[in-house]
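Source file: entry.csv; contents: CSV, C-alpha atoms.
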chain,number,residue,atom,x,y,z
A,1,MET,CA,-2.6,26.3,-3.2
A,2,GLU,CA,-5.2,27.5,-0.7
A,3,SER,CA,-8.6,26.7,-2.4
A,4,LYS,CA,-10.4,25.2,-5.4
A,5,ALA,CA,-10.8,28.7,-6.8
A,6,ALA,CA,-7.0,29.1,-6.7
A,7,VAL,CA,-6.5,25.8,-8.6
A,8,LEU,CA,-9.1,26.8,-11.2
A,9,GLU,CA,-7.6,30.2,-11.7
A,10,ALA,CA,-4.2,28.6,-12.3
A,11,VAL,CA,-5.7,26.2,-14.9
A,12,ASN,CA,-7.6,29.0,-16.7
A,13,SER,CA,-4.5,31.2,-16.8
A,14,GLY,CA,-2.3,28.5,-18.2
A,15,LYS,CA,-0.1,28.4,-15.1
A,16,LEU,CA,-1.2,24.8,-14.4
A,17,SER,CA,-1.9,22.2,-17.1
A,18,LEU,CA,-3.7,18.9,-17.0
A,19,PRO,CA,-3.1,16.1,-16.0
A,20,PHE,CA,-2.2,16.7,-12.4
A,21,VAL,CA,-2.7,15.3,-8.9
A,22,GLN,CA,-4.3,17.3,-6.0
A,23,LYS,CA,-3.4,16.2,-2.5
A,24,LEU,CA,-4.8,17.7,0.7
A,25,ARG,CA,-2.2,19.1,3.0
A,26,VAL,CA,-4.0,17.9,6.1
A,27,GLY,CA,-6.2,14.8,6.8
A,28,GLY,CA,-5.3,12.5,4.0
A,29,TYR,CA,-4.8,8.8,4.7
A,30,ASP,CA,-5.4,5.4,3.0
A,31,GLY,CA,-6.0,6.9,-0.4
A,32,ARG,CA,-8.3,9.7,0.9
A,33,GLY,CA,-7.5,13.3,0.2
A,34,VAL,CA,-6.1,12.6,-3.3
A,35,ASN,CA,-7.7,13.6,-6.6
A,36,VAL,CA,-6.3,12.6,-10.0
A,37,ILE,CA,-7.3,15.3,-12.5
A,38,ARG,CA,-7.0,14.0,-16.0
A,39,LYS,CA,-9.5,16.0,-18.0
A,40,GLU,CA,-11.5,19.2,-17.7
A,41,THR,CA,-14.6,17.4,-16.3
A,42,ASP,CA,-12.5,16.1,-13.4
A,43,LEU,CA,-12.1,19.7,-12.2
A,44,GLU,CA,-15.6,19.4,-10.7
A,45,ILE,CA,-14.3,17.1,-8.0
A,46,LEU,CA,-11.5,19.3,-6.8
A,47,PHE,CA,-11.2,19.7,-3.0
A,48,ASP,CA,-11.9,23.2,-1.7
A,49,SER,CA,-9.1,23.1,0.9
A,50,PRO,CA,-5.4,23.9,1.1
A,51,CYS,CA,-3.6,21.5,-1.1
A,52,VAL,CA,-0.4,20.5,-3.0
A,53,ILE,CA,-0.5,20.1,-6.7
A,54,GLU,CA,1.8,17.6,-8.4
A,55,LYS,CA,2.4,16.8,-12.0
A,56,LEU,CA,1.0,13.4,-13.0
A,57,VAL,CA,3.9,11.1,-13.7
A,58,PRO,CA,3.5,8.6,-16.6
A,59,ILE,CA,4.5,5.4,-14.8
A,60,GLN,CA,5.0,1.7,-15.7
A,61,LYS,CA,5.2,0.4,-12.1
A,62,GLU,CA,4.8,1.5,-8.4
A,63,LEU,CA,7.5,0.1,-6.2
A,64,ALA,CA,8.6,0.3,-2.5
A,65,VAL,CA,11.6,-0.4,-0.4
A,66,MET,CA,11.6,-0.6,3.4
A,67,THR,CA,14.8,-0.4,5.5
A,68,ALA,CA,15.4,-0.8,9.2
A,69,ARG,CA,18.0,1.4,10.8
A,70,LYS,CA,19.6,1.4,14.2
A,71,ASN,CA,20.9,4.6,15.8
A,72,ASN,CA,24.5,3.4,15.3
A,73,GLY,CA,23.8,3.4,11.5
A,74,GLN,CA,23.4,-0.4,11.0
A,75,MET,CA,20.8,-1.0,8.3
A,76,GLU,CA,19.0,-4.0,6.8
A,77,SER,CA,16.7,-3.4,3.8
A,78,PHE,CA,13.9,-5.7,2.7
A,79,PRO,CA,13.6,-6.9,-0.9
A,80,MET,CA,11.7,-4.5,-3.2
A,81,VAL,CA,8.0,-4.9,-3.6
A,82,GLU,CA,5.7,-4.1,-6.5
A,83,MET,CA,2.2,-2.6,-5.9
A,84,SER,CA,-1.0,-2.6,-8.0
A,85,PHE,CA,-3.5,0.0,-6.9
A,86,HIS,CA,-7.3,0.0,-6.8
A,87,PRO,CA,-8.5,2.1,-9.7
A,88,THR,CA,-10.7,4.4,-7.6
A,89,ALA,CA,-9.8,3.9,-3.9
A,90,ASN,CA,-6.1,5.0,-4.4
A,91,LEU,CA,-5.2,2.0,-2.2
A,92,VAL,CA,-3.0,-1.0,-2.7
A,93,GLU,CA,-5.0,-3.8,-4.1
A,94,TYR,CA,-2.2,-6.3,-4.7
A,95,LEU,CA,1.4,-6.3,-3.4
A,96,PHE,CA,3.9,-8.6,-5.0
A,97,CYS,CA,7.3,-9.7,-3.6
A,98,PRO,CA,9.8,-10.0,-5.2
A,99,ALA,CA,9.1,-7.1,-7.6
A,100,GLU,CA,9.5,-7.9,-11.2
A,101,VAL,CA,12.2,-5.4,-12.0
A,102,ASN,CA,15.9,-5.8,-13.0
A,103,ALA,CA,18.6,-5.8,-10.4
A,104,ASP,CA,19.9,-2.3,-11.3
A,105,ILE,CA,16.5,-0.7,-10.5
A,106,GLU,CA,16.3,-2.6,-7.2
A,107,ASN,CA,19.8,-1.7,-6.2
A,108,GLN,CA,19.3,1.9,-7.1
A,109,ALA,CA,16.1,2.1,-5.0
A,110,ARG,CA,17.7,0.5,-2.0
A,111,GLU,CA,20.6,2.9,-2.2
A,112,ILE,CA,18.3,5.9,-2.3
A,113,THR,CA,16.2,4.5,0.6
A,114,GLU,CA,19.2,4.0,2.8
A,115,LYS,CA,20.7,7.4,1.8
A,116,ILE,CA,17.4,9.0,2.9
A,117,ALA,CA,17.3,7.0,6.2
A,118,ASN,CA,20.9,8.1,7.0
A,119,ALA,CA,20.2,11.8,6.1
A,120,LEU,CA,17.1,11.8,8.3
A,121,GLY,CA,18.9,10.0,11.1
A,122,ILE,CA,16.1,7.4,11.2
A,123,THR,CA,16.0,5.1,14.3
A,124,GLY,CA,13.4,2.5,13.3
A,125,LEU,CA,11.7,1.7,10.0
A,126,LEU,CA,11.5,3.8,6.8
A,127,ALA,CA,9.3,2.9,3.8
A,128,VAL,CA,9.9,4.7,0.6
A,129,GLU,CA,7.5,4.4,-2.3
A,130,TYR,CA,8.7,4.9,-5.9
A,131,PHE,CA,7.3,5.5,-9.3
A,132,LEU,CA,9.2,3.8,-12.1
A,133,ASP,CA,8.4,6.1,-15.0
A,134,LYS,CA,8.0,5.2,-18.7
A,135,ASP,CA,11.7,6.1,-19.3
A,136,GLY,CA,12.8,3.7,-16.6
A,137,LYS,CA,13.7,6.4,-14.0
A,138,LEU,CA,12.8,6.1,-10.3
A,139,VAL,CA,10.9,9.0,-8.7
A,140,VAL,CA,10.3,9.1,-5.0
A,141,ASN,CA,6.6,9.4,-4.4
A,142,GLU,CA,6.1,9.0,-0.6
A,143,MET,CA,7.9,8.2,2.6
A,144,ALA,CA,6.6,6.7,5.9
A,145,PRO,CA,8.9,6.4,9.0
A,146,ARG,CA,7.0,3.5,10.5
A,147,PRO,CA,5.8,0.0,9.9
A,148,HIS,CA,4.0,0.2,6.6
A,149,ASN,CA,1.5,-1.5,4.4
A,150,SER,CA,4.3,-2.3,2.0
A,151,GLY,CA,5.9,-4.5,4.7
A,152,HIS,CA,2.9,-6.4,6.1
A,153,HIS,CA,3.8,-9.5,4.0
A,154,THR,CA,7.1,-9.8,5.8
A,155,ILE,CA,5.3,-11.5,8.8
A,156,GLU,CA,5.1,-14.7,6.8
A,157,ALA,CA,7.3,-14.2,3.8
A,158,ASN,CA,10.7,-13.1,5.4
A,159,TYR,CA,13.1,-14.4,8.0
A,160,THR,CA,12.5,-11.3,10.0
A,161,SER,CA,9.3,-9.2,9.8
A,162,GLN,CA,9.2,-5.4,9.8
A,163,PHE,CA,7.6,-5.6,13.2
A,164,GLU,CA,10.4,-7.8,14.7
A,165,GLN,CA,13.0,-5.5,13.2
A,166,HIS,CA,11.3,-2.5,14.9
A,167,LEU,CA,11.4,-4.3,18.2
A,168,ARG,CA,15.0,-5.3,17.8
A,169,ILE,CA,15.9,-1.6,17.2
A,170,LEU,CA,13.9,-0.5,20.3
A,171,LEU,CA,15.7,-3.2,22.4
A,172,ASP,CA,19.1,-2.4,20.9
A,173,LEU,CA,19.5,-6.0,19.5
A,174,PRO,CA,21.2,-6.9,16.2
A,175,LEU,CA,19.0,-6.6,13.2
A,176,GLY,CA,17.7,-9.9,11.7
A,177,SER,CA,18.0,-11.1,8.1
A,178,SER,CA,15.4,-9.5,5.9
A,179,LYS,CA,15.8,-12.1,3.1
A,180,LEU,CA,12.7,-13.5,1.5
A,181,ILE,CA,11.8,-17.1,2.4
A,182,MET,CA,9.1,-17.6,-0.2
A,183,PRO,CA,7.4,-15.4,-2.9
A,184,ALA,CA,4.4,-13.6,-1.5
A,185,VAL,CA,1.3,-11.6,-2.6
A,186,MET,CA,-0.7,-9.4,-0.3
A,187,ILE,CA,-4.2,-8.1,-0.8
A,188,ASN,CA,-6.0,-5.5,1.2
A,189,LEU,CA,-9.5,-6.2,2.4
A,190,LEU,CA,-11.6,-3.2,1.7
A,191,GLY,CA,-15.2,-2.6,2.8
A,192,GLU,CA,-17.6,-3.3,-0.1
A,193,GLU,CA,-19.6,-0.6,-1.8
A,194,GLY,CA,-23.1,-0.2,-0.4
A,195,HIS,CA,-22.2,-1.6,3.0
A,196,THR,CA,-21.9,0.5,6.2
A,197,GLY,CA,-22.4,-1.1,9.6
A,198,THR,CA,-21.2,-4.0,11.7
A,199,ALA,CA,-18.5,-5.8,9.7
A,200,VAL,CA,-19.1,-9.3,8.4
A,201,TYR,CA,-16.3,-11.3,6.6
A,202,GLN,CA,-17.5,-13.6,3.8
A,203,GLY,CA,-15.4,-16.4,2.5
A,204,LEU,CA,-12.8,-16.7,5.3
A,205,PRO,CA,-13.3,-20.5,6.0
A,206,GLU,CA,-12.9,-21.2,2.3
A,207,ALA,CA,-9.8,-19.0,2.2
A,208,LEU,CA,-8.3,-20.8,5.2
A,209,SER,CA,-8.6,-24.1,3.4
A,210,GLU,CA,-5.9,-23.0,1.0
A,211,THR,CA,-2.3,-23.7,1.9
A,212,GLY,CA,-0.1,-20.6,2.5
A,213,VAL,CA,-3.0,-18.2,3.2
A,214,TYR,CA,-2.8,-15.9,6.2
A,215,PRO,CA,-5.7,-13.5,7.0
A,216,HIS,CA,-5.1,-10.5,9.3
A,217,LEU,CA,-8.2,-8.7,10.5
A,218,TYR,CA,-7.8,-5.2,12.1
A,219,ASN,CA,-10.7,-5.6,14.6
A,220,LYS,CA,-12.6,-2.6,13.1
A,221,LYS,CA,-16.2,-3.3,14.1
A,222,ILE,CA,-17.7,-1.0,11.6
A,223,THR,CA,-17.2,-1.4,7.8
A,224,LYS,CA,-17.6,1.4,5.3
A,225,PRO,CA,-17.1,1.4,1.5
A,226,LYS,CA,-13.3,1.2,0.7
A,227,ARG,CA,-12.4,1.3,4.4
A,228,LYS,CA,-9.2,-0.8,5.0
A,229,MET,CA,-10.4,-3.7,7.2
A,230,GLY,CA,-7.5,-6.1,7.0
A,231,HIS,CA,-5.2,-7.9,4.7
A,232,ILE,CA,-4.4,-11.4,3.5
A,233,THR,CA,-0.9,-12.6,2.7
A,234,VAL,CA,-0.4,-15.6,0.3
A,235,THR,CA,3.0,-17.4,0.2
A,236,LYS,CA,3.7,-20.0,-2.5
A,237,PRO,CA,6.7,-21.7,-4.2
A,238,THR,CA,6.4,-19.3,-7.2
A,239,LEU,CA,5.1,-15.8,-7.6
A,240,ASP,CA,2.7,-16.9,-10.3
A,241,GLU,CA,1.1,-19.4,-7.9
A,242,ALA,CA,0.8,-16.8,-5.2
A,243,ARG,CA,-0.7,-14.3,-7.7
A,244,LYS,CA,-3.3,-16.8,-8.9
A,245,CYS,CA,-4.4,-17.6,-5.4
A,246,ALA,CA,-4.6,-13.9,-4.4
A,247,ARG,CA,-6.8,-13.2,-7.3
A,248,MET,CA,-9.2,-15.9,-6.2
A,249,LEU,CA,-9.2,-14.6,-2.7
A,250,LEU,CA,-9.9,-11.0,-3.8
A,251,GLU,CA,-12.9,-12.3,-5.8
A,252,ASN,CA,-14.3,-14.4,-2.9
A,253,VAL,CA,-13.5,-12.8,0.4
A,254,LYS,CA,-15.8,-9.8,1.0
A,255,VAL,CA,-16.3,-7.4,3.8
A,256,ILE,CA,-20.0,-6.6,4.1
A,257,SER,CA,-22.3,-5.3,6.8
A,258,SER,CA,-24.5,-7.5,9.0
A,259,SER,CA,-27.6,-5.7,7.9
A,260,LYS,CA,-27.1,-6.9,4.4
A,261,ILE,CA,-25.9,-10.5,4.8
A,262,LEU,CA,-26.5,-12.3,1.5
A,263,GLU,CA,-28.8,-15.2,1.9
A,264,ASN,CA,-27.0,-17.5,-0.4
A,265,GLY,CA,-25.6,-20.0,2.1
A,266,SER,CA,-22.1,-18.7,2.0
A,267,HIS,CA,-19.9,-18.7,5.1
A,268,TYR,CA,-19.2,-15.5,6.9
A,269,TYR,CA,-17.4,-14.4,10.0
A,270,GLY,CA,-18.4,-11.4,12.2
A,271,LEU,CA,-16.3,-9.7,14.8
Encoding of this model in structure tokens:
Amino acid sequence: MESKAAVLEAVNSGKLSLPFVQKLRVGGYDGRGVNVIRKETDLEILFDSPCVIEKLVPIQKELAVMTARKNNGQMESFPMVEMSFHPTANLVEYLFCPAEVNADIENQAREITEKIANALGITGLLAVEYFLDKDGKLVVNEMAPRPHNSGHHTIEANYTSQFEQHLRILLDLPLGSSKLIMPAVMINLLGEEGHTGTAVYQGLPEALSETGVYPHLYNKKITKPKRKMGHITVTKPTLDEARKCARMLLENVKVISSSKILENGSHYYGL
């Protein structure tokens, strides 16, 4: 649809029913450019730009599979990951690997991902994100032909990371094993609400005192609310241990601005 007026007209005429998702055709990234319209009052926040309207799928899980493919057709897929999204930022808040799904679901998703990679003739990486709906069916939600947020944990958690696989493909070397070494949880570091300015990272020294904690900062000098500023991967012997540690980190590692450093004696790190 071309405008907010066109969307409202479709709703008022009965051609479009709630709930639905509005996605901008151009300029969307990192959760921006997406509106979830659940009730009539949400119509006030509609974008007034060319957009795509999609039915809101009732889901039980959000999942992803990444595969690496050489131009000769050799492929190596990474274990499926499960994602938990920030309720308002439309960004991954937690990523868990391995995903807590049955083997049939993972095998089906891997087969679909590899079929798409072959059909597109991908040379490099392909990430495919899925919805697992309430009926247990997989629905393709999004595709990214590149290194992707759903594969960042592979740097520490897998024998070969997504980045190394990409380089192996470019150099025409054999693909490495994508098997998981240890369960992992990744959290995204987002700019805190109310903070815009030179980025300051609170809680990093405390985080680094934990075993199996690996921060990755993106060297963005300016933080803004909900801006993706980095991520932290946690590896532990069990997924429950990794999940517990990740929750603690999400509560204690904050990205604020230097103009609003809290005077509470906590440690911080500024770029």
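If you look at CA of Glu206 in chain A and CA of Val234 in chain A, they are 13.8 Å away from each other.
For the pair CA of Cys51 in chain A and CA of Asn35 in chain A, the separation is 10.5 Å.
Nearest to Gln162 in chain A of all the residues A:Gln60, A:Ser77, A:Thr113, A:Asn71 is A:Ser77, based on all atoms listed in the file.
Using all atoms listed in the file, the shortest contact distance between Val128 in chain A and any of A:Glu62, A:Leu180, A:Tyr94, A:Ile187 is found at A:Glu62.
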Open item on the list: Just want the 12 Å neighbourhood of Ala199 in chain A, counted on all atoms listed in the file, with same-chain residues fewer than 2 positions away dropped. Output as number ranges by chain.
Closed with: A: 189-192, 195-197, 201-202, 217-225, 227-230, 254-261, 268-271
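Across the model, the gap from CA of Glu100 in chain A to CA of Glu114 in chain A is 20.8 Å.
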N, CA and C atoms modelled onto range 241-263 of chain A, as a compact mmCIF listing (two decimals), in the coordinates of the input:
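Listed below is the output, part.txt:
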# COMPACT_ATOMS: atom_id res chain seq x y z
N GLU A 241 2.01 -18.69 -8.74
CA GLU A 241 1.10 -19.40 -7.90
C GLU A 241 0.43 -18.54 -6.87
N ALA A 242 1.26 -17.70 -6.25
CA ALA A 242 0.80 -16.80 -5.20
C ALA A 242 -0.21 -15.77 -5.82
N ARG A 243 0.13 -15.28 -7.01
CA ARG A 243 -0.70 -14.30 -7.70
C ARG A 243 -2.08 -14.91 -8.04
N LYS A 244 -2.07 -16.13 -8.54
CA LYS A 244 -3.30 -16.80 -8.90
C LYS A 244 -4.21 -17.00 -7.69
N CYS A 245 -3.64 -17.44 -6.58
CA CYS A 245 -4.40 -17.60 -5.40
C CYS A 245 -4.96 -16.32 -4.84
N ALA A 246 -4.14 -15.26 -4.89
CA ALA A 246 -4.60 -13.90 -4.40
C ALA A 246 -5.74 -13.41 -5.20
N ARG A 247 -5.72 -13.62 -6.51
CA ARG A 247 -6.80 -13.20 -7.30
C ARG A 247 -8.13 -13.88 -6.94
N MET A 248 -8.02 -15.17 -6.67
CA MET A 248 -9.20 -15.90 -6.20
C MET A 248 -9.72 -15.39 -4.91
N LEU A 249 -8.83 -15.08 -3.98
CA LEU A 249 -9.20 -14.60 -2.70
C LEU A 249 -9.91 -13.19 -2.80
N LEU A 250 -9.35 -12.35 -3.67
CA LEU A 250 -9.90 -11.00 -3.80
C LEU A 250 -11.34 -11.09 -4.38
N GLU A 251 -11.61 -12.10 -5.19
CA GLU A 251 -12.90 -12.30 -5.80
C GLU A 251 -13.94 -12.87 -4.77
N ASN A 252 -13.43 -13.63 -3.78
CA ASN A 252 -14.30 -14.40 -2.90
C ASN A 252 -14.42 -13.96 -1.47
N VAL A 253 -13.41 -13.27 -0.97
CA VAL A 253 -13.50 -12.80 0.40
C VAL A 253 -13.97 -11.35 0.40
N LYS A 254 -15.12 -11.12 1.01
CA LYS A 254 -15.80 -9.80 1.00
C LYS A 254 -16.06 -9.32 2.39
N VAL A 255 -15.93 -8.01 2.57
CA VAL A 255 -16.30 -7.40 3.80
C VAL A 255 -17.60 -6.63 3.63
N ILE A 256 -18.68 -7.17 4.21
CA ILE A 256 -20.00 -6.60 4.10
C ILE A 256 -20.50 -6.19 5.45
N SER A 257 -21.73 -5.71 5.53
CA SER A 257 -22.30 -5.30 6.80
C SER A 257 -23.38 -6.33 7.22
N SER A 258 -23.56 -6.50 8.53
CA SER A 258 -24.50 -7.50 9.00
C SER A 258 -25.91 -7.26 8.62
N SER A 259 -26.26 -6.01 8.33
CA SER A 259 -27.60 -5.70 7.90
C SER A 259 -27.92 -6.13 6.51
N LYS A 260 -26.86 -6.51 5.76
CA LYS A 260 -27.10 -6.90 4.40
C LYS A 260 -26.40 -8.25 4.06
N ILE A 261 -26.44 -9.15 5.03
CA ILE A 261 -25.90 -10.50 4.80
C ILE A 261 -26.59 -11.16 3.65
N LEU A 262 -25.83 -11.61 2.68
CA LEU A 262 -26.50 -12.30 1.50
C LEU A 262 -26.98 -13.63 1.92
N GLU A 263 -28.21 -13.90 1.57
CA GLU A 263 -28.80 -15.20 1.90
C GLU A 263 -28.58 -16.21 0.83
